[in-house]
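Since the structure comes first, as structure tokens, the remarks are kept for the end.
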Amino acid sequence: MTRLFSTLLSLVLLAPNASAEIVRIDISSRSTVADGKNYGLAGSFERIAGTIHFAVSPDNPANQIVTDIAYAPRNSEGLVEFRSDFYLIKPTDISRGNGTVLYEVSNRGGKGMLGYYNNARGSRNPESSTEMGDGFLLDQGFTLLWLGWQFDVPLRDGLVRVYPPIATDNGTSITGLVRSEVIVNEVTYDRSLADRNHQAYEVANPNDPANVLTVRDRVDGERRIVPREQWRFARRTDTGEIVADLTRVYLENGFQPGKLYDVVYVAQDPPLVGLGPAAVRDTISHLKYEGASELSISADGIDRAIAWGVSQSGRFLRTFLYHGFNADESERRAFDGIMAHVAGGGRGSFNHRFAQPSRDGHPLLNKLYPTDIFPFTDAEQTDPEMDMRDGLLANIHPAHMPKVFHTNSSYEYWGRAASLIHTTLDGTDDSQLLDNTRIYSFAGGQHGPGAFPPRQTSGQQLSNPNDYSWFLRSLVLAMNDWVADGTEPPASVYPRIADGDLVPPTQLRFPELPGVSQPATPHLAYRVVYGPEFRSRGIVTVEPPEVVSPFPILVPQVDNDGNETGGLMMPEVAIPLATYTGWNNFRPEAGPVNVLSSMQGSYIPFSRSQTEREQRNDPRLSILERYSSHAEYLGLVSTAALSLIEDGYLLARDLAPILERASQHWDYLMEEDSNQ
């Protein structure tokens, strides 16, 4: 009773300043979407782009979770100022919408949800009818929002970013360690200190003895120090001249393929990376509880908020929840629903000093960054080896708890430690899910569905074209119903130890197929130590981190065809014409052939006939040994699809395109010259 009174009192006291976090919304452009086309009951839509300005109190408990907030510059009112880009697509008349804002956590500044949900072509500035695809999200009446949360995205037009202040110690520059990984496929003399094409932290002092370059032959190999006279912070010009550059590293004899290099250096002036998730929180709360007259959103225009994130963005959402960002300065819930897609067991570098948000974790790339680290499950677990007890949602007050969907493809079990989100830490048993959580695994899928017809990329096999995005359309509506009126979503479906569908890699029964190597060791998650203040203050002092031990990783079991026995199966996987895997070993030109290719699955088609199968020594039954005709095959696919529709995993409106794709697939494989 006392706690309830205290909570109500704090809400009353904070209510008058509830909107203080957003101080101004500047609009840079505004236009009609799709030439005024009407979508469903929502009617026409408009797009609005611009900048949101924030001022947050560093003394408010909701903001004290932001790393280094105490070291941020303050304005005359004692508040911390920053700003963020935004891009909004909303019903012109907000009252005609469905009352839900669907926020996509931009993956490295981009805009991807129209591709996933609307089958639209990619665009950094979606506005035309073509860029709205089939209009699915608009037909449903969603308001779509993108807001910059990442400070170091590439310098390209159309990307959204956050602009945080720099932390200082009473005006004195703060320094700290940064680690940059360098892996190349051909001899390369200099590389950026940032991940891929992002913006790098500059070196504070190129002659600092703490700056060290190491090389190793394998992920688990011993690091060897590269003599200091053989490398420098510089770049090689087109004319071969070596010029100083505090954002790049140069190696005299060149970085060699097949080697893993790490340069650890001292940087200075860390931005407040954690203001990115704070910006997301405050924008969502502002729209839900106050509205925004500048955006023609009334105070009652938005009732609910759902967050959607893919890969890096899905890991962002898991981190967002773990750190407690779903409660705003007035102790109100920001997001009502969270949809973290293909995040596996990961979090990321989204709220610590000198964080590099783009750094992820792959079998060969971006190793040992703070991504796949304890805790993994929503509920509390104990790690006796590290004497820690924690859970992803363990510290969230019930009033701030959202509904949560974790969705993963098969690749995440091989390349993102996904089994840890629903097993005990020792890998011997299934863990219990919380009532507000659902887990859906898309069997036989890769990180992002590959193109059809399938093509070869970095893997030895063709990339996996299993298009499981049709599941996501049904699930976003299920989430909206769940947060709107409590309608229970479909039951969780994922491979479980108890059913024999989730096993140690050594127990995988993948068949011997001609021309197909056996799957390599999955990406591992480790118990690691980044220093004594990493978990308490977000400060990394040990780089590379100390590796204590790996967590056991389990993978989906397969049948005699190599197809998985558990998880949600698209009709083309349930009624197969091929083997679909979540792994694909590197081809020689792209990486070590005994290592999993990043984010790739395999597509290994069946032979067309028994004769062809026997000629190839393929143990899998051929297509014509399974199905007597094109018509029979489509009939079976239709039956599988209708069952998924009945159970709520697919939408009836999507049956026709799913059958059309299955028909194209049959024709693609059965044409005489299809594999020439």
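In the structure tokens, each chain is lettered A, B, ... as it comes, each chain's residues begin at 1, and ligands are numbered from 1 in order of appearance.
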
Practice problem: List the neighbours of range 249-258 of chain A out to 8 Å using only C-alpha atoms; skip same-chain residues closer than 3 positions along the sequence, and give me the result as a VMD selection string. | Solution: chain A and resid 182 to 193 217 230 to 236 245 to 246 261 591 to 592

Practice problem: Find the residues around Gly445 in chain A up to 7 Å (only C-alpha atoms counted), leave out those fewer than 6 positions away in its own chain, and share them as JSON, numbers by chain. | Solution: {"A": [409, 410, 411, 464, 466, 580, 581, 582, 601]}

Save the residues we just selected, all heavy atoms, as a PDB file, in the first residue's frame?
```pdb
ATOM      1  N   SER A 409      15.390 -16.947 -37.165  1.00  0.00           N
ATOM      2  CA  SER A 409      15.502 -17.960 -38.208  1.00  0.00           C
ATOM      3  C   SER A 409      16.442 -19.056 -37.716  1.00  0.00           C
ATOM      4  O   SER A 409      17.024 -18.960 -36.631  1.00  0.00           O
ATOM      5  CB  SER A 409      16.035 -17.333 -39.504  1.00  0.00           C
ATOM      6  OG  SER A 409      17.427 -17.092 -39.412  1.00  0.00           O
ATOM      7  N   SER A 410      16.629 -20.066 -38.537  1.00  0.00           N
ATOM      8  CA  SER A 410      17.560 -21.140 -38.170  1.00  0.00           C
ATOM      9  C   SER A 410      18.985 -20.615 -38.029  1.00  0.00           C
ATOM     10  O   SER A 410      19.765 -21.116 -37.210  1.00  0.00           O
ATOM     11  CB  SER A 410      17.536 -22.234 -39.241  1.00  0.00           C
ATOM     12  OG  SER A 410      16.239 -22.718 -39.426  1.00  0.00           O
ATOM     13  N   TYR A 411      19.324 -19.602 -38.842  1.00  0.00           N
ATOM     14  CA  TYR A 411      20.702 -19.087 -38.779  1.00  0.00           C
ATOM     15  C   TYR A 411      21.071 -18.630 -37.384  1.00  0.00           C
ATOM     16  O   TYR A 411      22.222 -18.814 -36.948  1.00  0.00           O
ATOM     17  CB  TYR A 411      20.901 -17.922 -39.753  1.00  0.00           C
ATOM     18  CG  TYR A 411      22.259 -17.274 -39.563  1.00  0.00           C
ATOM     19  CD1 TYR A 411      23.408 -17.859 -40.111  1.00  0.00           C
ATOM     20  CD2 TYR A 411      22.422 -16.132 -38.782  1.00  0.00           C
ATOM     21  CE1 TYR A 411      24.663 -17.304 -39.893  1.00  0.00           C
ATOM     22  CE2 TYR A 411      23.668 -15.576 -38.560  1.00  0.00           C
ATOM     23  CZ  TYR A 411      24.786 -16.164 -39.114  1.00  0.00           C
ATOM     24  OH  TYR A 411      26.032 -15.628 -38.893  1.00  0.00           O
ATOM     25  N   ASN A 464      19.940 -19.313 -49.013  1.00  0.00           N
ATOM     26  CA  ASN A 464      18.627 -19.851 -48.695  1.00  0.00           C
ATOM     27  C   ASN A 464      17.514 -18.850 -49.035  1.00  0.00           C
ATOM     28  O   ASN A 464      17.448 -17.768 -48.444  1.00  0.00           O
ATOM     29  CB  ASN A 464      18.583 -20.191 -47.204  1.00  0.00           C
ATOM     30  CG  ASN A 464      17.371 -20.974 -46.795  1.00  0.00           C
ATOM     31  OD1 ASN A 464      16.325 -20.886 -47.421  1.00  0.00           O
ATOM     32  ND2 ASN A 464      17.497 -21.739 -45.715  1.00  0.00           N
ATOM     33  N   ASN A 466      14.227 -19.197 -48.533  1.00  0.00           N
ATOM     34  CA  ASN A 466      12.998 -19.424 -47.762  1.00  0.00           C
ATOM     35  C   ASN A 466      12.452 -18.090 -47.243  1.00  0.00           C
ATOM     36  O   ASN A 466      13.020 -17.474 -46.344  1.00  0.00           O
ATOM     37  CB  ASN A 466      13.305 -20.373 -46.598  1.00  0.00           C
ATOM     38  CG  ASN A 466      12.147 -20.511 -45.623  1.00  0.00           C
ATOM     39  OD1 ASN A 466      11.011 -20.197 -45.929  1.00  0.00           O
ATOM     40  ND2 ASN A 466      12.457 -21.000 -44.428  1.00  0.00           N
ATOM     41  N   TYR A 580      16.774 -26.976 -46.741  1.00  0.00           N
ATOM     42  CA  TYR A 580      16.976 -25.593 -46.312  1.00  0.00           C
ATOM     43  C   TYR A 580      17.722 -25.614 -44.977  1.00  0.00           C
ATOM     44  O   TYR A 580      17.240 -26.226 -44.020  1.00  0.00           O
ATOM     45  CB  TYR A 580      15.643 -24.883 -46.107  1.00  0.00           C
ATOM     46  CG  TYR A 580      14.741 -24.799 -47.313  1.00  0.00           C
ATOM     47  CD1 TYR A 580      13.842 -25.829 -47.616  1.00  0.00           C
ATOM     48  CD2 TYR A 580      14.745 -23.673 -48.135  1.00  0.00           C
ATOM     49  CE1 TYR A 580      12.989 -25.734 -48.703  1.00  0.00           C
ATOM     50  CE2 TYR A 580      13.896 -23.574 -49.222  1.00  0.00           C
ATOM     51  CZ  TYR A 580      13.022 -24.610 -49.506  1.00  0.00           C
ATOM     52  OH  TYR A 580      12.173 -24.509 -50.581  1.00  0.00           O
ATOM     53  N   THR A 581      18.847 -24.942 -44.897  1.00  0.00           N
ATOM     54  CA  THR A 581      19.590 -24.918 -43.639  1.00  0.00           C
ATOM     55  C   THR A 581      19.810 -23.481 -43.170  1.00  0.00           C
ATOM     56  O   THR A 581      19.728 -22.532 -43.960  1.00  0.00           O
ATOM     57  CB  THR A 581      20.967 -25.603 -43.757  1.00  0.00           C
ATOM     58  OG1 THR A 581      21.888 -24.702 -44.394  1.00  0.00           O
ATOM     59  CG2 THR A 581      20.873 -26.893 -44.557  1.00  0.00           C
ATOM     60  N   GLY A 582      20.146 -23.355 -41.907  1.00  0.00           N
ATOM     61  CA  GLY A 582      20.504 -22.061 -41.339  1.00  0.00           C
ATOM     62  C   GLY A 582      21.994 -21.817 -41.353  1.00  0.00           C
ATOM     63  O   GLY A 582      22.463 -20.852 -40.749  1.00  0.00           O
ATOM     64  N   GLY A 601      22.337 -19.037 -45.046  1.00  0.00           N
ATOM     65  CA  GLY A 601      21.872 -20.408 -44.965  1.00  0.00           C
ATOM     66  C   GLY A 601      22.082 -21.067 -46.315  1.00  0.00           C
ATOM     67  O   GLY A 601      22.506 -20.426 -47.287  1.00  0.00           O
TER      68      GLY A 601
END
```

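The nearest approach to Thr428 in chain A among the residues A:Tyr117, A:Leu393, A:Asp467, A:Arg496, with only C-alpha atoms taken into account, belongs to A:Arg496.
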
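Residue nearest Ala305 in chain A, chosen from A:Ser349, A:Thr143, A:Thr172, A:Gln356 and counting only C-alpha atoms: A:Thr143.
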
Exercise. Compile the contact shell of range 481-492 of chain A as a PyMOL selection string: residues with an atom at most 10 Å away, counting only C-alpha atoms, same-chain residues fewer than 2 positions apart removed.
Key: chain A and resi 98-100+303-306+335-337+402-403+405-407+433+436-441+474-479+494-495+567-568+647-649

Could you save the residues just selected, with C-alpha atoms, as a compact mmCIF listing (two decimals), in the first residue's frame?
```txt
# COMPACT_ATOMS: atom_id res chain seq x y z
CA ASN A 98 -5.65 2.16 -35.76
CA GLY A 99 -4.19 4.05 -32.79
CA THR A 100 -0.83 2.26 -32.91
CA ASP A 303 -2.95 4.83 -27.87
CA ARG A 304 -0.31 2.14 -28.27
CA ALA A 305 3.28 1.71 -29.37
CA ILE A 306 4.99 -1.36 -30.81
CA PHE A 335 6.39 0.53 -25.61
CA ASP A 336 3.43 -1.78 -25.14
CA GLY A 337 4.85 -4.41 -27.48
CA PRO A 402 5.65 -4.89 -22.52
CA LYS A 403 4.46 -7.89 -24.47
CA PHE A 405 7.95 -11.51 -29.39
CA HIS A 406 11.37 -13.06 -30.03
CA THR A 407 11.52 -14.28 -33.65
CA LEU A 433 8.87 -18.62 -20.72
CA ASN A 436 4.19 -11.93 -21.61
CA THR A 437 6.70 -13.58 -23.96
CA ARG A 438 6.32 -15.60 -27.15
CA ILE A 439 9.13 -17.21 -29.15
CA TYR A 440 8.76 -18.12 -32.81
CA SER A 441 11.50 -19.90 -34.74
CA SER A 474 0.42 -12.21 -39.22
CA LEU A 475 2.49 -11.73 -36.08
CA VAL A 476 2.48 -7.93 -36.16
CA LEU A 477 -1.33 -8.02 -36.23
CA ALA A 478 -1.32 -10.57 -33.41
CA MET A 479 0.91 -8.29 -31.36
CA TYR A 494 10.48 -23.23 -31.50
CA PRO A 495 12.76 -26.27 -31.27
CA GLY A 567 9.92 -24.66 -35.48
CA LEU A 568 7.42 -22.85 -37.69
CA ASP A 647 -3.68 -21.58 -36.33
CA GLY A 648 -3.02 -17.85 -36.78
CA TYR A 649 0.52 -17.97 -38.15
```

Exercise. Mind checking which residues fall within 10 Å of Gly348 in chain A, counting only C-alpha atoms, ignoring those fewer than 5 positions away in the same chain, and posting them as a PyMOL selection string?
Key: chain A and resi 312-320+343+355-361+369-373

Self-check item: Filtered DSSP result for range 247-406 of chain A, state helix (DSSP H, G or I), as a VMD selection string
Solution: chain A and resid 275 to 289 293 to 295 312 to 323 398 to 400

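Compared by their closest atoms to Leu144 in chain A, and using only C-alpha atoms, the residues A:Glu241, A:Glu131, A:Asp195, A:Glu46 rank with A:Glu46 nearest.
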
Give me the residues of range 261-301 of chain A that have any atom at most 10 Å from an atom of range 535-558 of chain A; for each, the nearest atom pair and the distance in Å, rounded to one decimal. Use only C-alpha atoms, sort by chain and number, and format it as CSV.
```
residue,atom,partner,partner_atom,distance
A:Asp262,CA,A:Pro544,CA,8.2
A:Val263,CA,A:Pro544,CA,9.2
A:Val264,CA,A:Glu543,CA,6.8
A:Tyr265,CA,A:Glu543,CA,9.2
```

Counting only C-alpha atoms, which residues in range 439-543 of chain A sit no more than 10 Å from range 612-617 of chain A? For each one, give the nearest pair of atoms and the distance in Å, sorted by chain then residue number, as a Markdown table.
```
| residue | atom | partner | partner_atom | distance |
| --- | --- | --- | --- | --- |
| A:Glu512 | CA | A:Asn617 | CA | 9.8 |
| A:Leu513 | CA | A:Asn617 | CA | 8.0 |
| A:Pro514 | CA | A:Asn617 | CA | 6.8 |
| A:Gly515 | CA | A:Arg616 | CA | 9.6 |
```

Quiz prompt | Nearby residues (only C-alpha atoms) at most 10 Å from Pro154 in chain A, same-chain spacing under 2 positions excluded, as number ranges by chain | solution = A: 108-109, 151-152, 156-157, 159-161, 196-199

Exercise. Find the residues around Pro519 in chain A up to 9 Å (only C-alpha atoms counted), leave out those fewer than 5 positions away in its own chain, and share them as number ranges by chain.
Key: A: 505, 510, 583-585, 594-596

How would the residues just picked look written out with N, CA, C and O atoms as a PDB file, in the first residue's frame?
```pdb
ATOM      1  N   PRO A 505      25.569 -29.742 -31.265  1.00  0.00           N
ATOM      2  CA  PRO A 505      26.011 -29.916 -32.650  1.00  0.00           C
ATOM      3  C   PRO A 505      26.558 -31.310 -32.947  1.00  0.00           C
ATOM      4  O   PRO A 505      26.416 -31.809 -34.079  1.00  0.00           O
ATOM      5  N   PHE A 510      22.785 -34.557 -39.744  1.00  0.00           N
ATOM      6  CA  PHE A 510      22.732 -34.042 -41.113  1.00  0.00           C
ATOM      7  C   PHE A 510      23.273 -35.093 -42.080  1.00  0.00           C
ATOM      8  O   PHE A 510      24.331 -35.681 -41.839  1.00  0.00           O
ATOM      9  N   TRP A 583      22.751 -22.663 -42.025  1.00  0.00           N
ATOM     10  CA  TRP A 583      24.210 -22.499 -42.084  1.00  0.00           C
ATOM     11  C   TRP A 583      24.686 -22.700 -43.522  1.00  0.00           C
ATOM     12  O   TRP A 583      24.028 -23.334 -44.337  1.00  0.00           O
ATOM     13  N   ASN A 584      25.857 -22.146 -43.811  1.00  0.00           N
ATOM     14  CA  ASN A 584      26.467 -22.246 -45.137  1.00  0.00           C
ATOM     15  C   ASN A 584      27.938 -21.923 -44.943  1.00  0.00           C
ATOM     16  O   ASN A 584      28.283 -20.793 -44.587  1.00  0.00           O
ATOM     17  N   ASN A 585      28.806 -22.885 -45.138  1.00  0.00           N
ATOM     18  CA  ASN A 585      30.224 -22.637 -44.918  1.00  0.00           C
ATOM     19  C   ASN A 585      30.787 -21.695 -45.991  1.00  0.00           C
ATOM     20  O   ASN A 585      30.336 -21.691 -47.132  1.00  0.00           O
ATOM     21  N   ASN A 594      36.113 -23.857 -43.438  1.00  0.00           N
ATOM     22  CA  ASN A 594      35.610 -24.608 -42.281  1.00  0.00           C
ATOM     23  C   ASN A 594      34.937 -23.696 -41.255  1.00  0.00           C
ATOM     24  O   ASN A 594      34.774 -24.061 -40.093  1.00  0.00           O
ATOM     25  N   VAL A 595      34.516 -22.507 -41.706  1.00  0.00           N
ATOM     26  CA  VAL A 595      33.842 -21.546 -40.838  1.00  0.00           C
ATOM     27  C   VAL A 595      32.513 -21.161 -41.477  1.00  0.00           C
ATOM     28  O   VAL A 595      32.400 -21.066 -42.702  1.00  0.00           O
ATOM     29  N   LEU A 596      31.500 -20.923 -40.645  1.00  0.00           N
ATOM     30  CA  LEU A 596      30.186 -20.537 -41.143  1.00  0.00           C
ATOM     31  C   LEU A 596      30.225 -19.158 -41.781  1.00  0.00           C
ATOM     32  O   LEU A 596      30.777 -18.214 -41.217  1.00  0.00           O
TER      33      LEU A 596
END
```

Practice problem: Provide the CA of Arg587 in chain A to CA of Ser607 in chain A distance in Å, to one decimal place. | Solution: 22.7 Å

Quiz item: Which residue out of A:Ala42, A:Ala417, A:Ala120, A:Leu434 has the minimum interatomic distance to Leu392 in chain A when only C-alpha atoms are used?
Solution: A:Leu434

Quiz item: How many Å separate CA of Leu425 in chain A from CA of His400 in chain A?
Solution: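 If I compute the distance from CA of Leu425 in chain A to CA of His400 in chain A, I get 26.7 Å.
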
Quiz prompt | Residue list (strand (DSSP E or B), DSSP) for range 265-309 of chain A, as a PyMOL selection string | solution = chain A and resi 265-268+271+292+297+304-309

Those residues with C-alpha atoms, as a PDB file, in the first residue's frame please?
```pdb
ATOM      1  CA  TYR A 265      44.089   2.120 -28.850  1.00  0.00           C
ATOM      2  CA  VAL A 266      43.320   5.011 -26.536  1.00  0.00           C
ATOM      3  CA  ALA A 267      40.533   7.318 -27.703  1.00  0.00           C
ATOM      4  CA  GLN A 268      39.089  10.446 -26.111  1.00  0.00           C
ATOM      5  CA  PRO A 271      29.654  10.677 -26.845  1.00  0.00           C
ATOM      6  CA  ALA A 292       2.322  16.348 -31.214  1.00  0.00           C
ATOM      7  CA  ILE A 297      -1.194  14.046 -33.880  1.00  0.00           C
ATOM      8  CA  ARG A 304      -0.306   2.136 -28.271  1.00  0.00           C
ATOM      9  CA  ALA A 305       3.281   1.705 -29.372  1.00  0.00           C
ATOM     10  CA  ILE A 306       4.991  -1.365 -30.813  1.00  0.00           C
ATOM     11  CA  ALA A 307       8.723  -1.547 -31.492  1.00  0.00           C
ATOM     12  CA  TRP A 308      10.111  -3.630 -34.340  1.00  0.00           C
ATOM     13  CA  GLY A 309      13.805  -4.340 -34.791  1.00  0.00           C
TER      14      GLY A 309
END
```
